[in-house]
Every structure is written in C-alpha cells, then in structure tokens.
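A short worksheet on the structure shown next.
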Amino acid sequence: MATSAFAAISLTGALGVLILLTPTPDDRRVTVFGDLATADRVAVIVPGADVTRATFDGGRRKAYSTPGGAARALVAQVRALDPAARPAVIAWLGYDSPRAVSLAAATDAVAEEGAGELRRAVARVRSITSAPVTLLCHSYGSVVCAKALPGLPVADVAVFGSPGLGVSRARDLGARARLWAGRGGDDWMRFVPPVRIGHLGFGADPARPSFGALLFAAGTAGHSDYFQPGGVSLRNLALITLGRASEVSAP
C-alpha cells in the first residue's frame, strides 16, 4: 500500500509547484499549480475512475479532462474572473483510482482508503495556508470526497458527474462546507440508477433538488467536459472556488 501522497512531496521552483518525488508502486501523483504559501484561494481537484500517471496530465484527446489539464483550465478561468486573485489549484491523485469497468468502481472500498489520504492532504494544505479551500470532486472522486467530509476544514465542496455520495440527503454527510452539485446534459451518468443494493451503488443522486445540495449549471457537458474552457460548468466551478456563491448560475 502506498504512503500518503503529501508525505512524499516537496516544494520546488519559483511557482511553488509540488510534485511527487518518491516513486510509488501505483499511479498516485499530486501537482500544485500556483503557490500555496501566498494563495488567497485553494482548490483541490479530486478525479474519478480510470486515471493513471499516463493520463494524469496528458494522454487524452481532451487535455482538460485530465487532472493536470483541468487544473490549468481552472487557474486560467479564476484569473479571467478576478485578475487580482492568487489561486493555487491542486491536481490530486492521492488514491488508487479504480478502473471504470470494475467492481471497485461500483463499491466504496477504494473511496474509504482514498478519503483518509484526502483528509491528510487537506491537513497538509492547512499547515501551509489559511486560505479557503474548495474540493472539486468528479465522478468516483465525489465518493472519495463524501467519505472525507465529516468535520473537514474546507469552505465549499462541488460534486459533478457523481454516481451518488452514499447518503440519502446532503445533511447526512456531516459536512461543515457548502455542498454544490452539478450534472451536464450530455453526461451518461444520468442513466446510472440512484440506488444502493448491499455494497453496490451509491444511493441518491446529489444533483436532484430533493437531495439538498446547492445546484449549479453545467450546460451540455459530457462526463469528461466539466473543465472545458468556455463552458458554463468551468465558469461556475471557478466562481465557487472564488467564494462568489451569489454569482453561480443555477440549472
């Protein structure tokens, strides 16, 4: 089992880029775009299934669909909305992303371990900066975030393309943060039944009004398009990161 991702990183370079320096026997990797020490806003992108070192920052036709590409797109959008902002965006693959077509992707066992790593990562960020932290959780990554949430010192959590969070209502998460949820019109996740049978499935759809999350518009985004430059989803995720809740557009 790999050690905590943040335990294996160091601060390097004038831009304050954090990278994994110690090779691990799996595909874990963490990179920070920006400088945590001087940031006024921090976002942590938690990706879903089928992410490896090869597809962490490249290796796909849509660059923004990788954690590294998504982080770059988010930094650019935040700065477009607020040129004075000092964002630090963490592309976090601190857990063993399951294969999309696998039993692991339909249960929360991997998410349980990932949640512990995410909590340690947030604690490490908190030791460096007091800036507000936002979790941006895609697909299976939203299950990881949900498991990590109770008492976690973050300001906002946005889940998108989520299969469910393992609870029936937002208030059951035990989160101190505001919870946002979005789903693109072309996201195939809308066809996944919002049920839990034994250990399979993740329950209620967080993008339904009855769940109790704050809903944000994601336009016609497909499952891997939430960070597409120029898209309404990326703009809203940037506004959430900036703490400008009143400007986030609803579906």
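Residue numbers start at 1 in each chain; chains themselves are named A, B, ... in the order of the structure tokens; ligands are numbered from 1 in the order shown.
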
List the neighbours of range 218-230 of chain A out to 12 Å using only C-alpha atoms; skip same-chain residues closer than 4 positions along the sequence, and give me the result as a CSV table (one decimal) with all heavy atoms, in the first residue's frame.
chain,number,residue,atom,x,y,z
A,45,ILE,N,-8.7,19.4,-6.9
A,45,ILE,CA,-9.4,18.6,-7.9
A,45,ILE,C,-9.2,17.1,-7.6
A,45,ILE,O,-8.1,16.6,-7.6
A,45,ILE,CB,-9.0,18.9,-9.3
A,45,ILE,CG1,-9.3,20.4,-9.7
A,45,ILE,CG2,-9.6,18.0,-10.3
A,45,ILE,CD1,-8.7,20.9,-11.0
A,47,PRO,N,-10.1,13.6,-8.9
A,47,PRO,CA,-10.6,12.9,-10.1
A,47,PRO,C,-11.3,11.6,-9.8
A,47,PRO,O,-11.2,11.0,-8.7
A,47,PRO,CB,-9.4,12.7,-11.0
A,47,PRO,CG,-8.3,12.5,-10.0
A,47,PRO,CD,-8.7,13.4,-8.8
A,48,GLY,N,-12.0,11.0,-10.8
A,48,GLY,CA,-12.7,9.8,-10.7
A,48,GLY,C,-11.9,8.6,-11.2
A,48,GLY,O,-10.7,8.5,-11.0
A,49,ALA,N,-12.6,7.7,-11.8
A,49,ALA,CA,-12.1,6.4,-12.3
A,49,ALA,C,-11.2,6.6,-13.5
A,49,ALA,O,-11.3,7.6,-14.2
A,49,ALA,CB,-13.2,5.4,-12.6
A,50,ASP,N,-10.4,5.6,-13.8
A,50,ASP,CA,-9.6,5.4,-15.0
A,50,ASP,C,-8.5,6.5,-15.1
A,50,ASP,O,-8.2,7.0,-16.2
A,50,ASP,CB,-10.4,5.5,-16.2
A,50,ASP,CG,-11.0,4.1,-16.6
A,50,ASP,OD1,-10.4,3.1,-16.0
A,50,ASP,OD2,-11.9,4.0,-17.3
A,51,VAL,N,-8.0,7.0,-14.0
A,51,VAL,CA,-6.9,8.0,-14.0
A,51,VAL,C,-5.6,7.3,-13.6
A,51,VAL,O,-5.5,6.7,-12.5
A,51,VAL,CB,-7.2,9.2,-13.2
A,51,VAL,CG1,-6.0,10.2,-13.3
A,51,VAL,CG2,-8.5,9.9,-13.5
A,60,ARG,N,-4.7,12.1,-23.2
A,60,ARG,CA,-6.1,12.1,-23.7
A,60,ARG,C,-6.4,13.2,-24.7
A,60,ARG,O,-5.7,14.2,-24.7
A,60,ARG,CB,-7.1,12.3,-22.5
A,60,ARG,CG,-7.1,11.1,-21.5
A,60,ARG,CD,-8.1,11.3,-20.4
A,60,ARG,NE,-8.2,10.1,-19.5
A,60,ARG,CZ,-8.9,10.1,-18.4
A,60,ARG,NH1,-9.4,11.2,-17.9
A,60,ARG,NH2,-9.0,9.0,-17.7
A,61,ARG,N,-7.4,12.9,-25.6
A,61,ARG,CA,-7.6,13.9,-26.6
A,61,ARG,C,-8.1,15.2,-26.0
A,61,ARG,O,-7.7,16.3,-26.5
A,61,ARG,CB,-8.7,13.3,-27.5
A,61,ARG,CG,-9.1,14.3,-28.7
A,61,ARG,CD,-10.1,13.5,-29.7
A,61,ARG,NE,-11.3,13.1,-29.0
A,61,ARG,CZ,-12.3,13.9,-28.8
A,61,ARG,NH1,-12.3,15.2,-29.2
A,61,ARG,NH2,-13.4,13.5,-28.2
A,62,LYS,N,-8.9,15.2,-25.0
A,62,LYS,CA,-9.3,16.4,-24.3
A,62,LYS,C,-8.4,16.7,-23.1
A,62,LYS,O,-8.5,16.1,-22.1
A,62,LYS,CB,-10.8,16.2,-23.8
A,62,LYS,CG,-11.8,16.0,-24.9
A,62,LYS,CD,-13.2,15.7,-24.3
A,62,LYS,CE,-14.2,15.4,-25.3
A,62,LYS,NZ,-15.6,15.1,-24.7
A,63,ALA,N,-7.5,17.6,-23.3
A,63,ALA,CA,-6.5,17.9,-22.3
A,63,ALA,C,-7.1,18.3,-21.0
A,63,ALA,O,-6.7,17.9,-19.9
A,63,ALA,CB,-5.5,18.9,-22.7
A,64,TYR,N,-8.3,19.0,-21.0
A,64,TYR,CA,-8.9,19.5,-19.8
A,64,TYR,C,-9.6,18.4,-19.0
A,64,TYR,O,-10.0,18.6,-17.9
A,64,TYR,CB,-9.9,20.6,-20.2
A,64,TYR,CG,-11.0,20.1,-21.1
A,64,TYR,CD1,-12.1,19.4,-20.8
A,64,TYR,CD2,-10.9,20.5,-22.5
A,64,TYR,CE1,-13.0,19.0,-21.7
A,64,TYR,CE2,-11.9,20.1,-23.4
A,64,TYR,CZ,-12.9,19.3,-23.0
A,64,TYR,OH,-13.9,18.9,-23.9
A,65,SER,N,-9.7,17.2,-19.6
A,65,SER,CA,-10.4,16.1,-19.0
A,65,SER,C,-9.4,15.3,-18.1
A,65,SER,O,-9.8,14.4,-17.3
A,65,SER,CB,-11.0,15.1,-20.0
A,65,SER,OG,-10.0,14.4,-20.7
A,66,THR,N,-8.1,15.7,-18.1
A,66,THR,CA,-7.1,15.1,-17.1
A,66,THR,C,-7.0,16.0,-15.9
A,66,THR,O,-7.3,17.2,-16.0
A,66,THR,CB,-5.8,15.0,-17.8
A,66,THR,OG1,-5.2,16.3,-18.0
A,66,THR,CG2,-5.9,14.3,-19.2
A,67,PRO,N,-6.6,15.5,-14.8
A,67,PRO,CA,-6.4,16.3,-13.6
A,67,PRO,C,-5.5,17.6,-13.8
A,67,PRO,O,-5.9,18.7,-13.4
A,67,PRO,CB,-5.9,15.4,-12.5
A,67,PRO,CG,-6.4,14.1,-12.9
A,67,PRO,CD,-6.4,14.1,-14.5
A,68,GLY,N,-4.4,17.3,-14.5
A,68,GLY,CA,-3.5,18.4,-14.7
A,68,GLY,C,-4.1,19.5,-15.7
A,68,GLY,O,-4.0,20.7,-15.5
A,69,GLY,N,-4.7,19.0,-16.7
A,69,GLY,CA,-5.3,19.9,-17.7
A,69,GLY,C,-6.5,20.7,-17.1
A,69,GLY,O,-6.7,21.8,-17.3
A,70,ALA,N,-7.3,20.0,-16.2
A,70,ALA,CA,-8.4,20.6,-15.5
A,70,ALA,C,-7.8,21.7,-14.6
A,70,ALA,O,-8.4,22.8,-14.5
A,70,ALA,CB,-9.2,19.6,-14.7
A,71,ALA,N,-6.7,21.5,-13.9
A,71,ALA,CA,-6.2,22.5,-13.0
A,71,ALA,C,-5.7,23.7,-13.8
A,71,ALA,O,-6.0,24.8,-13.4
A,71,ALA,CB,-5.0,21.9,-12.2
A,72,ARG,N,-5.1,23.5,-14.9
A,72,ARG,CA,-4.7,24.6,-15.7
A,72,ARG,C,-5.9,25.4,-16.2
A,72,ARG,O,-5.9,26.7,-16.2
A,72,ARG,CB,-3.9,24.2,-16.9
A,72,ARG,CG,-2.5,23.6,-16.6
A,72,ARG,CD,-1.7,23.3,-17.9
A,72,ARG,NE,-0.4,22.9,-17.5
A,72,ARG,CZ,0.0,21.6,-17.3
A,72,ARG,NH1,-1.0,20.6,-17.4
A,72,ARG,NH2,1.2,21.2,-17.0
A,73,ALA,N,-6.9,24.7,-16.6
A,73,ALA,CA,-8.1,25.4,-17.1
A,73,ALA,C,-8.8,26.2,-16.0
A,73,ALA,O,-9.2,27.3,-16.2
A,73,ALA,CB,-9.1,24.4,-17.7
A,74,LEU,N,-8.8,25.6,-14.8
A,74,LEU,CA,-9.4,26.3,-13.7
A,74,LEU,C,-8.6,27.6,-13.3
A,74,LEU,O,-9.2,28.6,-13.0
A,74,LEU,CB,-9.5,25.4,-12.5
A,74,LEU,CG,-10.2,26.0,-11.2
A,74,LEU,CD1,-11.7,26.3,-11.5
A,74,LEU,CD2,-10.1,25.0,-10.1
A,75,VAL,N,-7.3,27.5,-13.2
A,75,VAL,CA,-6.4,28.6,-12.9
A,75,VAL,C,-6.7,29.7,-13.9
A,75,VAL,O,-6.9,30.9,-13.5
A,75,VAL,CB,-5.0,28.3,-12.9
A,75,VAL,CG1,-4.1,29.5,-12.9
A,75,VAL,CG2,-4.6,27.4,-11.7
A,76,ALA,N,-6.7,29.4,-15.2
A,76,ALA,CA,-7.0,30.4,-16.2
A,76,ALA,C,-8.4,31.1,-16.0
A,76,ALA,O,-8.5,32.3,-16.2
A,76,ALA,CB,-6.9,29.8,-17.6
A,77,GLN,N,-9.4,30.3,-15.7
A,77,GLN,CA,-10.7,30.8,-15.6
A,77,GLN,C,-10.8,31.7,-14.3
A,77,GLN,O,-11.5,32.8,-14.3
A,77,GLN,CB,-11.7,29.7,-15.5
A,77,GLN,CG,-13.2,30.2,-15.3
A,77,GLN,CD,-13.7,30.9,-16.6
A,77,GLN,OE1,-14.1,30.2,-17.6
A,77,GLN,NE2,-13.8,32.2,-16.6
A,78,VAL,N,-10.2,31.3,-13.2
A,78,VAL,CA,-10.2,32.1,-12.0
A,78,VAL,C,-9.6,33.4,-12.3
A,78,VAL,O,-10.1,34.5,-11.9
A,78,VAL,CB,-9.5,31.3,-10.8
A,78,VAL,CG1,-9.2,32.3,-9.7
A,78,VAL,CG2,-10.4,30.2,-10.3
A,80,ALA,N,-9.3,34.9,-15.1
A,80,ALA,CA,-10.1,35.7,-16.0
A,80,ALA,C,-11.2,36.4,-15.3
A,80,ALA,O,-11.6,37.6,-15.6
A,80,ALA,CB,-10.7,34.8,-17.1
A,136,LEU,N,-13.2,20.0,-5.5
A,136,LEU,CA,-13.9,19.9,-6.8
A,136,LEU,C,-13.8,18.4,-7.1
A,136,LEU,O,-12.7,17.9,-7.5
A,136,LEU,CB,-13.3,20.8,-7.8
A,136,LEU,CG,-13.2,22.2,-7.5
A,136,LEU,CD1,-12.5,23.0,-8.6
A,136,LEU,CD2,-14.6,22.8,-7.2
A,137,CYS,N,-14.9,17.7,-7.0
A,137,CYS,CA,-14.9,16.2,-7.0
A,137,CYS,C,-15.7,15.6,-8.2
A,137,CYS,O,-16.9,15.8,-8.2
A,137,CYS,CB,-15.5,15.7,-5.7
A,137,CYS,SG,-14.9,16.6,-4.2
A,138,HIS,N,-14.9,15.0,-9.0
A,138,HIS,CA,-15.6,14.4,-10.3
A,138,HIS,C,-15.8,13.0,-10.2
A,138,HIS,O,-15.0,12.2,-9.7
A,138,HIS,CB,-14.6,14.7,-11.5
A,138,HIS,CG,-15.1,14.2,-12.8
A,138,HIS,ND1,-14.4,13.2,-13.5
A,138,HIS,CD2,-16.3,14.4,-13.4
A,138,HIS,CE1,-15.1,12.9,-14.6
A,138,HIS,NE2,-16.3,13.6,-14.6
A,139,SER,N,-17.1,12.6,-10.6
A,139,SER,CA,-17.4,11.2,-10.7
A,139,SER,C,-17.1,10.3,-9.5
A,139,SER,O,-17.5,10.7,-8.4
A,139,SER,CB,-16.7,10.6,-11.9
A,139,SER,OG,-17.2,9.4,-12.4
A,140,TYR,N,-16.3,9.3,-9.6
A,140,TYR,CA,-16.0,8.5,-8.4
A,140,TYR,C,-15.2,9.3,-7.3
A,140,TYR,O,-15.3,9.0,-6.1
A,140,TYR,CB,-15.2,7.2,-8.8
A,140,TYR,CG,-15.0,6.2,-7.6
A,140,TYR,CD1,-16.0,5.3,-7.4
A,140,TYR,CD2,-13.9,6.3,-6.8
A,140,TYR,CE1,-15.8,4.4,-6.3
A,140,TYR,CE2,-13.7,5.4,-5.8
A,140,TYR,CZ,-14.7,4.4,-5.5
A,140,TYR,OH,-14.6,3.5,-4.5
A,158,ALA,N,-17.8,20.9,-4.4
A,158,ALA,CA,-18.6,20.7,-5.6
A,158,ALA,C,-18.4,19.3,-6.1
A,158,ALA,O,-17.3,18.9,-6.3
A,158,ALA,CB,-18.2,21.8,-6.6
A,159,VAL,N,-19.6,18.6,-6.3
A,159,VAL,CA,-19.5,17.3,-6.9
A,159,VAL,C,-20.2,17.4,-8.3
A,159,VAL,O,-21.2,18.1,-8.4
A,159,VAL,CB,-20.2,16.3,-6.0
A,159,VAL,CG1,-19.5,16.2,-4.7
A,159,VAL,CG2,-21.7,16.5,-5.8
A,160,PHE,N,-19.7,16.7,-9.3
A,160,PHE,CA,-20.2,16.7,-10.6
A,160,PHE,C,-20.0,15.4,-11.3
A,160,PHE,O,-18.9,14.8,-11.1
A,160,PHE,CB,-19.7,17.9,-11.4
A,160,PHE,CG,-18.2,18.2,-11.1
A,160,PHE,CD1,-17.2,17.7,-12.0
A,160,PHE,CD2,-17.8,18.9,-10.0
A,160,PHE,CE1,-15.9,18.0,-11.8
A,160,PHE,CE2,-16.5,19.2,-9.8
A,160,PHE,CZ,-15.5,18.7,-10.6
A,161,GLY,N,-20.9,15.0,-12.1
A,161,GLY,CA,-20.8,13.7,-12.7
A,161,GLY,C,-20.8,12.6,-11.7
A,161,GLY,O,-20.2,11.5,-11.9
A,162,SER,N,-21.5,12.9,-10.6
A,162,SER,CA,-21.4,12.0,-9.4
A,162,SER,C,-22.3,10.8,-9.5
A,162,SER,O,-23.5,10.9,-9.9
A,162,SER,CB,-21.7,12.7,-8.1
A,162,SER,OG,-21.8,11.9,-7.0
A,163,PRO,N,-21.9,9.6,-9.1
A,163,PRO,CA,-22.8,8.4,-9.1
A,163,PRO,C,-23.6,8.4,-7.8
A,163,PRO,O,-24.5,7.5,-7.7
A,163,PRO,CB,-21.8,7.2,-9.1
A,163,PRO,CG,-20.6,7.7,-8.4
A,163,PRO,CD,-20.5,9.2,-8.8
A,180,TRP,N,-22.2,21.7,-3.3
A,180,TRP,CA,-22.7,22.1,-4.6
A,180,TRP,C,-22.8,20.8,-5.4
A,180,TRP,O,-21.9,19.9,-5.3
A,180,TRP,CB,-21.8,23.1,-5.3
A,180,TRP,CG,-21.6,24.4,-4.6
A,180,TRP,CD1,-20.7,24.6,-3.6
A,180,TRP,CD2,-22.3,25.6,-4.8
A,180,TRP,NE1,-20.8,26.0,-3.2
A,180,TRP,CE2,-21.8,26.6,-4.0
A,180,TRP,CE3,-23.3,26.0,-5.8
A,180,TRP,CZ2,-22.2,27.9,-3.9
A,180,TRP,CZ3,-23.7,27.3,-5.7
A,180,TRP,CH2,-23.2,28.2,-4.9
A,181,ALA,N,-23.7,20.7,-6.3
A,181,ALA,CA,-23.8,19.6,-7.2
A,181,ALA,C,-24.2,20.0,-8.6
A,181,ALA,O,-25.0,20.9,-8.8
A,181,ALA,CB,-24.8,18.5,-6.7
A,182,GLY,N,-23.6,19.4,-9.6
A,182,GLY,CA,-24.0,19.7,-11.0
A,182,GLY,C,-23.9,18.5,-11.9
A,182,GLY,O,-23.2,17.6,-11.6
A,183,ARG,N,-24.7,18.5,-13.0
A,183,ARG,CA,-24.6,17.4,-13.9
A,183,ARG,C,-24.9,18.0,-15.3
A,183,ARG,O,-25.8,18.7,-15.5
A,183,ARG,CB,-25.6,16.3,-13.6
A,183,ARG,CG,-25.6,15.2,-14.7
A,183,ARG,CD,-26.3,14.0,-14.3
A,183,ARG,NE,-25.6,13.4,-13.2
A,183,ARG,CZ,-26.2,12.7,-12.2
A,183,ARG,NH1,-27.5,12.5,-12.2
A,183,ARG,NH2,-25.5,12.2,-11.2
A,184,GLY,N,-24.0,17.7,-16.3
A,184,GLY,CA,-24.1,18.2,-17.6
A,184,GLY,C,-25.2,17.4,-18.3
A,184,GLY,O,-25.5,16.3,-18.1
A,185,GLY,N,-25.8,18.1,-19.3
A,185,GLY,CA,-26.9,17.5,-20.0
A,185,GLY,C,-26.6,16.3,-20.9
A,185,GLY,O,-27.4,15.4,-21.2
A,186,ASP,N,-25.3,16.2,-21.2
A,186,ASP,CA,-24.8,15.0,-22.0
A,186,ASP,C,-24.0,14.0,-21.2
A,186,ASP,O,-23.3,13.2,-21.8
A,186,ASP,CB,-24.0,15.5,-23.2
A,186,ASP,CG,-24.8,16.2,-24.2
A,186,ASP,OD1,-26.0,16.0,-24.3
A,186,ASP,OD2,-24.3,17.1,-25.0
A,187,ASP,N,-24.1,14.1,-19.9
A,187,ASP,CA,-23.3,13.2,-19.0
A,187,ASP,C,-24.1,11.9,-18.9
A,187,ASP,O,-25.2,11.8,-18.5
A,187,ASP,CB,-23.2,13.8,-17.7
A,187,ASP,CG,-22.2,13.0,-16.8
A,187,ASP,OD1,-21.9,11.9,-17.1
A,187,ASP,OD2,-21.7,13.6,-15.8
A,188,TRP,N,-23.4,10.8,-19.3
A,188,TRP,CA,-24.0,9.5,-19.3
A,188,TRP,C,-24.4,9.0,-17.9
A,188,TRP,O,-25.1,8.1,-17.7
A,188,TRP,CB,-23.1,8.4,-20.0
A,188,TRP,CG,-21.7,8.3,-19.4
A,188,TRP,CD1,-20.6,8.8,-19.9
A,188,TRP,CD2,-21.3,7.6,-18.2
A,188,TRP,NE1,-19.5,8.5,-19.2
A,188,TRP,CE2,-19.9,7.8,-18.1
A,188,TRP,CE3,-22.0,6.8,-17.3
A,188,TRP,CZ2,-19.2,7.2,-17.1
A,188,TRP,CZ3,-21.3,6.3,-16.2
A,188,TRP,CH2,-19.9,6.5,-16.2
A,189,MET,N,-23.8,9.7,-16.9
A,189,MET,CA,-24.1,9.3,-15.5
A,189,MET,C,-25.6,9.4,-15.2
A,189,MET,O,-26.0,8.8,-14.2
A,189,MET,CB,-23.2,10.2,-14.5
A,189,MET,CG,-23.2,9.7,-13.1
A,189,MET,SD,-22.5,8.0,-12.9
A,189,MET,CE,-20.8,8.4,-13.1
A,190,ARG,N,-26.3,10.2,-16.0
A,190,ARG,CA,-27.7,10.4,-15.7
A,190,ARG,C,-28.5,9.1,-15.9
A,190,ARG,O,-29.6,9.0,-15.4
A,190,ARG,CB,-28.3,11.5,-16.6
A,190,ARG,CG,-28.4,11.2,-18.1
A,190,ARG,CD,-28.8,12.4,-18.9
A,190,ARG,NE,-29.0,12.2,-20.3
A,190,ARG,CZ,-28.0,12.1,-21.2
A,190,ARG,NH1,-26.7,12.2,-20.8
A,190,ARG,NH2,-28.3,11.9,-22.5
A,191,PHE,N,-27.9,8.1,-16.5
A,191,PHE,CA,-28.5,6.8,-16.8
A,191,PHE,C,-28.2,5.8,-15.7
A,191,PHE,O,-28.8,4.7,-15.7
A,191,PHE,CB,-28.1,6.3,-18.1
A,191,PHE,CG,-28.5,7.1,-19.3
A,191,PHE,CD1,-27.5,7.6,-20.1
A,191,PHE,CD2,-29.8,7.5,-19.5
A,191,PHE,CE1,-27.8,8.5,-21.2
A,191,PHE,CE2,-30.1,8.3,-20.6
A,191,PHE,CZ,-29.1,8.8,-21.5
A,207,ALA,N,-27.5,15.6,-7.6
A,207,ALA,CA,-27.8,16.7,-8.5
A,207,ALA,C,-29.4,16.8,-8.6
A,207,ALA,O,-29.8,17.7,-9.3
A,207,ALA,CB,-27.3,16.4,-9.9
A,234,LEU,N,-17.2,25.2,-16.1
A,234,LEU,CA,-15.9,25.7,-15.7
A,234,LEU,C,-16.1,27.1,-15.0
A,234,LEU,O,-15.5,27.4,-14.0
A,234,LEU,CB,-14.9,25.8,-16.8
A,234,LEU,CG,-13.6,26.4,-16.5
A,234,LEU,CD1,-12.9,25.5,-15.4
A,234,LEU,CD2,-12.7,26.5,-17.7
A,235,ARG,N,-16.9,27.9,-15.6
A,235,ARG,CA,-17.1,29.3,-15.0
A,235,ARG,C,-17.7,29.1,-13.6
A,235,ARG,O,-17.3,29.8,-12.7
A,235,ARG,CB,-18.1,30.1,-15.9
A,235,ARG,CG,-18.4,31.5,-15.3
A,235,ARG,CD,-19.3,32.2,-16.2
A,235,ARG,NE,-19.8,33.5,-15.6
A,235,ARG,CZ,-19.1,34.6,-15.6
A,235,ARG,NH1,-17.9,34.7,-16.2
A,235,ARG,NH2,-19.6,35.7,-15.0
A,236,ASN,N,-18.7,28.3,-13.4
A,236,ASN,CA,-19.3,28.1,-12.1
A,236,ASN,C,-18.4,27.5,-11.1
A,236,ASN,O,-18.3,27.9,-10.0
A,236,ASN,CB,-20.6,27.3,-12.2
A,236,ASN,CG,-21.8,28.1,-12.7
A,236,ASN,OD1,-21.9,29.3,-12.5
A,236,ASN,ND2,-22.7,27.5,-13.4
A,237,LEU,N,-17.5,26.5,-11.6
A,237,LEU,CA,-16.6,25.9,-10.6
A,237,LEU,C,-15.5,27.0,-10.2
A,237,LEU,O,-15.1,27.0,-9.1
A,237,LEU,CB,-15.9,24.7,-11.3
A,237,LEU,CG,-16.8,23.5,-11.5
A,237,LEU,CD1,-16.0,22.5,-12.3
A,237,LEU,CD2,-17.3,23.0,-10.2
A,238,ALA,N,-15.2,27.9,-11.1
A,238,ALA,CA,-14.2,29.0,-10.8
A,238,ALA,C,-14.9,29.9,-9.8
A,238,ALA,O,-14.2,30.4,-8.8
A,238,ALA,CB,-13.8,29.7,-12.0
A,248,VAL,N,-23.0,32.2,-9.0
A,248,VAL,CA,-23.1,30.9,-9.6
A,248,VAL,C,-24.4,30.7,-10.2
A,248,VAL,O,-25.5,30.9,-9.5
A,248,VAL,CB,-22.8,29.8,-8.5
A,248,VAL,CG1,-23.0,28.4,-9.1
A,248,VAL,CG2,-21.4,30.0,-7.9
A,249,SER,N,-24.5,30.3,-11.5
A,249,SER,CA,-25.8,30.2,-12.1
A,249,SER,C,-26.4,28.8,-11.8
A,249,SER,O,-25.7,27.8,-11.7
A,249,SER,CB,-25.6,30.4,-13.7
A,249,SER,OG,-24.7,29.4,-14.2
A,250,ALA,N,-27.7,28.8,-11.7
A,250,ALA,CA,-28.4,27.6,-11.4
A,250,ALA,C,-28.8,26.9,-12.7
A,250,ALA,O,-28.9,27.5,-13.8
A,250,ALA,CB,-29.6,27.9,-10.6
A,251,PRO,N,-29.1,25.6,-12.7
A,251,PRO,CA,-29.6,24.9,-13.9
A,251,PRO,C,-30.9,25.4,-14.4
A,251,PRO,O,-31.7,25.9,-13.6
A,251,PRO,CB,-29.7,23.4,-13.4
A,251,PRO,CG,-29.1,23.3,-12.1
A,251,PRO,CD,-29.0,24.7,-11.5

Practice problem: Extract the full set of helix (DSSP H, G or I) residues from range 61-171 of chain A according to DSSP on the backbone, and format it as an MDAnalysis selection string. | Solution: chainID A and resid 63:65 67:81 104:106 109:128 140:148 170:171

Practice problem: Can you work out which one of A:Val157, A:Leu93, A:Leu81, A:Ala146 has the shortest atom-to-atom distance to Asp57 in chain A, counting only C-alpha atoms? | Solution: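 For Asp57 in chain A, the nearest of the candidates is A:Leu93.
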
Quiz item: Within 9 Å of range 149-152 of chain A, counting only C-alpha atoms, which residues qualify if same-chain residues fewer than 4 places away don't, as number ranges by chain?
Solution: A: 115, 119, 122-123, 144-145, 157, 173-177

Residues from the last selection, C-alpha atoms, saved as a PDB file, in the first residue's frame:
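Written file, result12.pdb:
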ATOM      1  CA  ALA A 115     -10.783   9.551   1.983  1.00  0.00           C
ATOM      2  CA  ARG A 119      -8.028  14.222   4.835  1.00  0.00           C
ATOM      3  CA  VAL A 122      -6.134  18.849   3.400  1.00  0.00           C
ATOM      4  CA  ALA A 123      -4.364  18.862   6.776  1.00  0.00           C
ATOM      5  CA  VAL A 144     -13.935   9.859  -2.017  1.00  0.00           C
ATOM      6  CA  CYS A 145     -14.818  13.431  -1.040  1.00  0.00           C
ATOM      7  CA  VAL A 157     -17.370  21.133  -1.987  1.00  0.00           C
ATOM      8  CA  LEU A 173     -22.726  13.963   5.199  1.00  0.00           C
ATOM      9  CA  GLY A 174     -21.781  15.760   8.415  1.00  0.00           C
ATOM     10  CA  ALA A 175     -20.068  18.474   6.405  1.00  0.00           C
ATOM     11  CA  ARG A 176     -19.273  21.974   7.589  1.00  0.00           C
ATOM     12  CA  ALA A 177     -18.803  23.092   3.995  1.00  0.00           C
TER      13      ALA A 177
END

Practice problem: Measuring atom to atom with only C-alpha atoms, identify which of A:Val101, A:Arg171, A:Ser130, A:Pro206 is nearest to Ser142 in chain A. | Solution: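 Of all the options, A:Pro206 lies closest to Ser142 in chain A.
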
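You will find CA of Gly203 in chain A at 6.3 Å from CA of Val167 in chain A.
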
Practice problem: Point out the residue among A:Leu118, A:Ala104, A:Leu242, A:Val125 with the least atom-to-atom distance to Ala37 in chain A, counting only C-alpha atoms. | Solution: A:Val125

Self-check item: For Pro87 in chain A: contacts at 8 Å, only C-alpha atoms, fewer than 5 positions along chain excluded, given as number ranges by chain
Solution: A: 34-35, 39-43, 75, 78-79
